[in-house]
Amino acid sequence: ITTEVTLSQEQRIKVTEALMFMIRRRGHGIFIHGPFLLDMMLFSPKQVQGSNGKVSSRHSHMIQSQTHSYFIGLDGDDSDNEDEIEERKIRLNTGGPVFDTEEDDLLRSATISVVCELIAALNPAVIATYCPILVHLATTALRLESSRPVRRAAAFLSSGIYALVEKEITESGSWNDSTTSSMAVALMSADEESLSNVLRQCVSSDDVDIKKNETSNRAVKGKVRLVDPATQSRCKEALKIRRELEDSGILNAAKLIAASLKRDATNPVVQVVRRALLQCSM
């Protein structure tokens, strides 16, 4: 007899935290069950409700002000003191405060965080098959979401995608133009340009509605989006890794391979030859 267990939202958040802890331990089981967990996180039919950006303008300004004070300091002093810079960096990396109106979004962001942990733990060749959906998830969340926890997680996911390409190249023992990776090719085949563009928009705050005490036109109709230093910091990290990959020639080589594969996929002559070779090998 199968009994369905209903968990509260708080319990589900605790489960995601436990999953992240287990993944970080990296026992042998993660390599067996990792793809199954990834499928559950990405394709589960269960829908998680969020705040959907329904926050009053007054409350939004309060959130923006208190978050800015948390990251920068109450006095707003951008000091060059080494200890203060290090403390500010730690605060940015930990994600900052979460307000009552954002609690409903924690589970959605935690789900993306589990995906980030799986990406870091599993073989890049395995993750390459998921690259289109991962890039789409990160791009769409950063472009359309108003939830700060979800946008923070999406920015971290973007950084993890680029870091995985770097990891695969590093483990191959060579950084030159002739070296590429399955993950790099999959990334360039998955509309990576849109992802890099939305990361730049996030860093420059061109995609938000409220900057400190300034209000602009709505970036997403019906939602209020706030500038978030933690999200910006993670986007900067993703772009930094991307720049290193681009300078090494990895992305350019992968882009050429991806374009060639796309042409071959629509070339009837190539398809006939491939079918013939497959039949000969059987």
# chains A, B, ... in the order shown; residues from 1 in each chain; ligands from 1
call {"tool": "residues_around", "arguments": {"residues": "Leu195 in chain A", "least_positions_apart": "4", "cutoff": "7 Å", "atoms": "only C-alpha atoms", "output": "list in words"}}
result
Val135, Thr139 and Leu199 of chain A
call {"tool": "write_last_selection", "arguments": {"atoms": "all heavy atoms", "output": "PDB file, in the first residue's frame"}}
result
ATOM      1  N   VAL A 135      19.960  26.373 -19.156  1.00  0.00           N
ATOM      2  CA  VAL A 135      20.156  27.731 -19.669  1.00  0.00           C
ATOM      3  C   VAL A 135      18.819  28.460 -19.750  1.00  0.00           C
ATOM      4  O   VAL A 135      18.710  29.645 -19.402  1.00  0.00           O
ATOM      5  CB  VAL A 135      20.851  27.702 -21.043  1.00  0.00           C
ATOM      6  CG1 VAL A 135      20.858  29.089 -21.672  1.00  0.00           C
ATOM      7  CG2 VAL A 135      22.273  27.174 -20.902  1.00  0.00           C
ATOM      8  N   THR A 139      18.011  31.840 -17.637  1.00  0.00           N
ATOM      9  CA  THR A 139      17.683  33.034 -18.418  1.00  0.00           C
ATOM     10  C   THR A 139      16.279  33.542 -18.098  1.00  0.00           C
ATOM     11  O   THR A 139      16.065  34.738 -17.866  1.00  0.00           O
ATOM     12  CB  THR A 139      17.788  32.739 -19.925  1.00  0.00           C
ATOM     13  OG1 THR A 139      19.094  32.254 -20.226  1.00  0.00           O
ATOM     14  CG2 THR A 139      17.526  33.984 -20.746  1.00  0.00           C
ATOM     15  N   LEU A 199      22.575  38.444 -17.920  1.00  0.00           N
ATOM     16  CA  LEU A 199      23.501  38.617 -16.807  1.00  0.00           C
ATOM     17  C   LEU A 199      24.057  40.041 -16.785  1.00  0.00           C
ATOM     18  O   LEU A 199      24.167  40.669 -15.722  1.00  0.00           O
ATOM     19  CB  LEU A 199      24.646  37.612 -16.909  1.00  0.00           C
ATOM     20  CG  LEU A 199      24.303  36.151 -16.604  1.00  0.00           C
ATOM     21  CD1 LEU A 199      25.468  35.237 -16.987  1.00  0.00           C
ATOM     22  CD2 LEU A 199      23.955  35.961 -15.132  1.00  0.00           C
TER      23      LEU A 199
END
call {"tool": "atom_distance", "arguments": {"atom1": "CA of Ser8 in chain A", "atom2": "CA of Phe156 in chain A"}}
result
26.0 Å
call {"tool": "closest_residue", "arguments": {"among": "A:Ile169, A:Ile13, A:Met22, A:Ala138", "to": "Val150 in chain A", "atoms": "only C-alpha atoms"}}
result
A:Ala138
call {"tool": "closest_residue", "arguments": {"among": "A:Lys14, A:Arg148, A:His33, A:His136", "to": "Val227 in chain A", "atoms": "only C-alpha atoms"}}
result
A:Arg148
call {"tool": "residues_around", "arguments": {"residues": "range 242-249 of chain A", "least_positions_apart": "2", "cutoff": "12 Å", "atoms": "only C-alpha atoms", "output": "PyMOL selection string"}}
result
chain A and resi 158-170+174-181+184+187-188+192-193+195-197+199-200+235-240+251-256
call {"tool": "residues_around", "arguments": {"residues": "Thr16 in chain A", "least_positions_apart": "6", "cutoff": "7 Å", "atoms": "only C-alpha atoms", "output": "count of residues only"}}
result
3
call {"tool": "closest_residue", "arguments": {"among": "A:Gln11, A:Thr140, A:Ser147, A:Ser205", "to": "Asp191 in chain A", "atoms": "only C-alpha atoms"}}
result
A:Thr140
call {"tool": "closest_residue", "arguments": {"among": "A:Ala154, A:Ala190, A:Cys202, A:Met183", "to": "Asn123 in chain A", "atoms": "only C-alpha atoms"}}
result
A:Met183
call {"tool": "residues_around", "arguments": {"residues": "range 38-45 of chain A", "least_positions_apart": "5", "cutoff": "9 Å", "atoms": "only C-alpha atoms", "output": "list in words"}}
result
His33, Thr111, Ile112, Val114, Val115, Leu118, Ile119, Tyr130, Ile133, Leu134 and Leu137 of chain A
call {"tool": "write_last_selection", "arguments": {"atoms": "all heavy atoms", "output": "PDB file, in the first residue's frame"}}
result
ATOM      1  N   HIS A  33      22.149   8.105  -8.478  1.00  0.00           N
ATOM      2  CA  HIS A  33      20.820   8.702  -8.368  1.00  0.00           C
ATOM      3  C   HIS A  33      20.784  10.176  -8.752  1.00  0.00           C
ATOM      4  O   HIS A  33      19.698  10.777  -8.756  1.00  0.00           O
ATOM      5  CB  HIS A  33      20.303   8.546  -6.932  1.00  0.00           C
ATOM      6  CG  HIS A  33      20.254   7.123  -6.452  1.00  0.00           C
ATOM      7  ND1 HIS A  33      19.356   6.209  -6.965  1.00  0.00           N
ATOM      8  CD2 HIS A  33      21.001   6.458  -5.534  1.00  0.00           C
ATOM      9  CE1 HIS A  33      19.544   5.027  -6.369  1.00  0.00           C
ATOM     10  NE2 HIS A  33      20.536   5.158  -5.497  1.00  0.00           N
ATOM     11  N   THR A 111      14.848  24.770  -4.587  1.00  0.00           N
ATOM     12  CA  THR A 111      14.848  23.751  -5.638  1.00  0.00           C
ATOM     13  C   THR A 111      15.945  24.029  -6.662  1.00  0.00           C
ATOM     14  O   THR A 111      16.668  23.126  -7.087  1.00  0.00           O
ATOM     15  CB  THR A 111      13.476  23.715  -6.338  1.00  0.00           C
ATOM     16  OG1 THR A 111      12.463  23.444  -5.369  1.00  0.00           O
ATOM     17  CG2 THR A 111      13.451  22.640  -7.408  1.00  0.00           C
ATOM     18  N   ILE A 112      16.088  25.305  -7.055  1.00  0.00           N
ATOM     19  CA  ILE A 112      17.157  25.673  -7.985  1.00  0.00           C
ATOM     20  C   ILE A 112      18.519  25.459  -7.340  1.00  0.00           C
ATOM     21  O   ILE A 112      19.475  25.046  -8.010  1.00  0.00           O
ATOM     22  CB  ILE A 112      16.990  27.136  -8.445  1.00  0.00           C
ATOM     23  CG1 ILE A 112      15.661  27.316  -9.168  1.00  0.00           C
ATOM     24  CG2 ILE A 112      18.138  27.552  -9.367  1.00  0.00           C
ATOM     25  CD1 ILE A 112      15.362  28.743  -9.587  1.00  0.00           C
ATOM     26  N   VAL A 114      19.297  23.129  -5.218  1.00  0.00           N
ATOM     27  CA  VAL A 114      19.594  21.697  -5.304  1.00  0.00           C
ATOM     28  C   VAL A 114      20.151  21.371  -6.690  1.00  0.00           C
ATOM     29  O   VAL A 114      21.106  20.596  -6.830  1.00  0.00           O
ATOM     30  CB  VAL A 114      18.333  20.853  -5.017  1.00  0.00           C
ATOM     31  CG1 VAL A 114      18.602  19.374  -5.300  1.00  0.00           C
ATOM     32  CG2 VAL A 114      17.900  21.032  -3.571  1.00  0.00           C
ATOM     33  N   VAL A 115      19.562  21.960  -7.727  1.00  0.00           N
ATOM     34  CA  VAL A 115      20.052  21.760  -9.095  1.00  0.00           C
ATOM     35  C   VAL A 115      21.508  22.243  -9.195  1.00  0.00           C
ATOM     36  O   VAL A 115      22.349  21.579  -9.824  1.00  0.00           O
ATOM     37  CB  VAL A 115      19.163  22.520 -10.104  1.00  0.00           C
ATOM     38  CG1 VAL A 115      19.786  22.484 -11.498  1.00  0.00           C
ATOM     39  CG2 VAL A 115      17.771  21.920 -10.135  1.00  0.00           C
ATOM     40  N   LEU A 118      23.797  19.658  -7.710  1.00  0.00           N
ATOM     41  CA  LEU A 118      23.916  18.492  -8.591  1.00  0.00           C
ATOM     42  C   LEU A 118      24.838  18.791  -9.765  1.00  0.00           C
ATOM     43  O   LEU A 118      25.635  17.941 -10.179  1.00  0.00           O
ATOM     44  CB  LEU A 118      22.533  18.076  -9.092  1.00  0.00           C
ATOM     45  CG  LEU A 118      21.616  17.409  -8.062  1.00  0.00           C
ATOM     46  CD1 LEU A 118      20.191  17.319  -8.588  1.00  0.00           C
ATOM     47  CD2 LEU A 118      22.140  16.020  -7.694  1.00  0.00           C
ATOM     48  N   ILE A 119      24.755  19.987 -10.306  1.00  0.00           N
ATOM     49  CA  ILE A 119      25.628  20.382 -11.409  1.00  0.00           C
ATOM     50  C   ILE A 119      27.086  20.322 -10.985  1.00  0.00           C
ATOM     51  O   ILE A 119      27.954  19.863 -11.740  1.00  0.00           O
ATOM     52  CB  ILE A 119      25.265  21.810 -11.887  1.00  0.00           C
ATOM     53  CG1 ILE A 119      23.946  21.797 -12.643  1.00  0.00           C
ATOM     54  CG2 ILE A 119      26.369  22.384 -12.781  1.00  0.00           C
ATOM     55  CD1 ILE A 119      23.471  23.172 -13.041  1.00  0.00           C
ATOM     56  N   TYR A 130      21.439  18.139 -20.196  1.00  0.00           N
ATOM     57  CA  TYR A 130      20.425  19.000 -19.580  1.00  0.00           C
ATOM     58  C   TYR A 130      20.667  20.480 -19.881  1.00  0.00           C
ATOM     59  O   TYR A 130      19.893  21.327 -19.428  1.00  0.00           O
ATOM     60  CB  TYR A 130      20.430  18.810 -18.062  1.00  0.00           C
ATOM     61  CG  TYR A 130      19.972  17.461 -17.582  1.00  0.00           C
ATOM     62  CD1 TYR A 130      20.869  16.408 -17.422  1.00  0.00           C
ATOM     63  CD2 TYR A 130      18.629  17.224 -17.262  1.00  0.00           C
ATOM     64  CE1 TYR A 130      20.449  15.166 -16.971  1.00  0.00           C
ATOM     65  CE2 TYR A 130      18.199  15.986 -16.806  1.00  0.00           C
ATOM     66  CZ  TYR A 130      19.124  14.957 -16.657  1.00  0.00           C
ATOM     67  OH  TYR A 130      18.693  13.736 -16.205  1.00  0.00           O
ATOM     68  N   ILE A 133      17.749  23.042 -21.016  1.00  0.00           N
ATOM     69  CA  ILE A 133      16.747  23.383 -20.001  1.00  0.00           C
ATOM     70  C   ILE A 133      17.369  24.209 -18.882  1.00  0.00           C
ATOM     71  O   ILE A 133      16.720  25.107 -18.317  1.00  0.00           O
ATOM     72  CB  ILE A 133      16.070  22.108 -19.444  1.00  0.00           C
ATOM     73  CG1 ILE A 133      14.880  22.471 -18.548  1.00  0.00           C
ATOM     74  CG2 ILE A 133      17.047  21.253 -18.666  1.00  0.00           C
ATOM     75  CD1 ILE A 133      13.740  23.122 -19.247  1.00  0.00           C
ATOM     76  N   LEU A 134      18.637  23.962 -18.551  1.00  0.00           N
ATOM     77  CA  LEU A 134      19.307  24.728 -17.504  1.00  0.00           C
ATOM     78  C   LEU A 134      19.512  26.179 -17.924  1.00  0.00           C
ATOM     79  O   LEU A 134      19.278  27.111 -17.137  1.00  0.00           O
ATOM     80  CB  LEU A 134      20.651  24.084 -17.155  1.00  0.00           C
ATOM     81  CG  LEU A 134      20.587  22.702 -16.491  1.00  0.00           C
ATOM     82  CD1 LEU A 134      21.998  22.115 -16.361  1.00  0.00           C
ATOM     83  CD2 LEU A 134      19.923  22.789 -15.124  1.00  0.00           C
ATOM     84  N   LEU A 137      16.160  27.879 -17.924  1.00  0.00           N
ATOM     85  CA  LEU A 137      15.725  28.158 -16.548  1.00  0.00           C
ATOM     86  C   LEU A 137      16.413  29.402 -16.002  1.00  0.00           C
ATOM     87  O   LEU A 137      15.759  30.306 -15.455  1.00  0.00           O
ATOM     88  CB  LEU A 137      16.019  26.949 -15.658  1.00  0.00           C
ATOM     89  CG  LEU A 137      15.818  27.144 -14.144  1.00  0.00           C
ATOM     90  CD1 LEU A 137      14.375  27.511 -13.840  1.00  0.00           C
ATOM     91  CD2 LEU A 137      16.229  25.877 -13.392  1.00  0.00           C
TER      92      LEU A 137
END
call {"tool": "atom_distance", "arguments": {"atom1": "CA of Leu19 in chain A", "atom2": "CA of Ala121 in chain A"}}
result
12.4 Å
call {"tool": "atom_distance", "arguments": {"atom1": "CA of Thr266 in chain A", "atom2": "CA of Cys131 in chain A"}}
result
20.8 Å
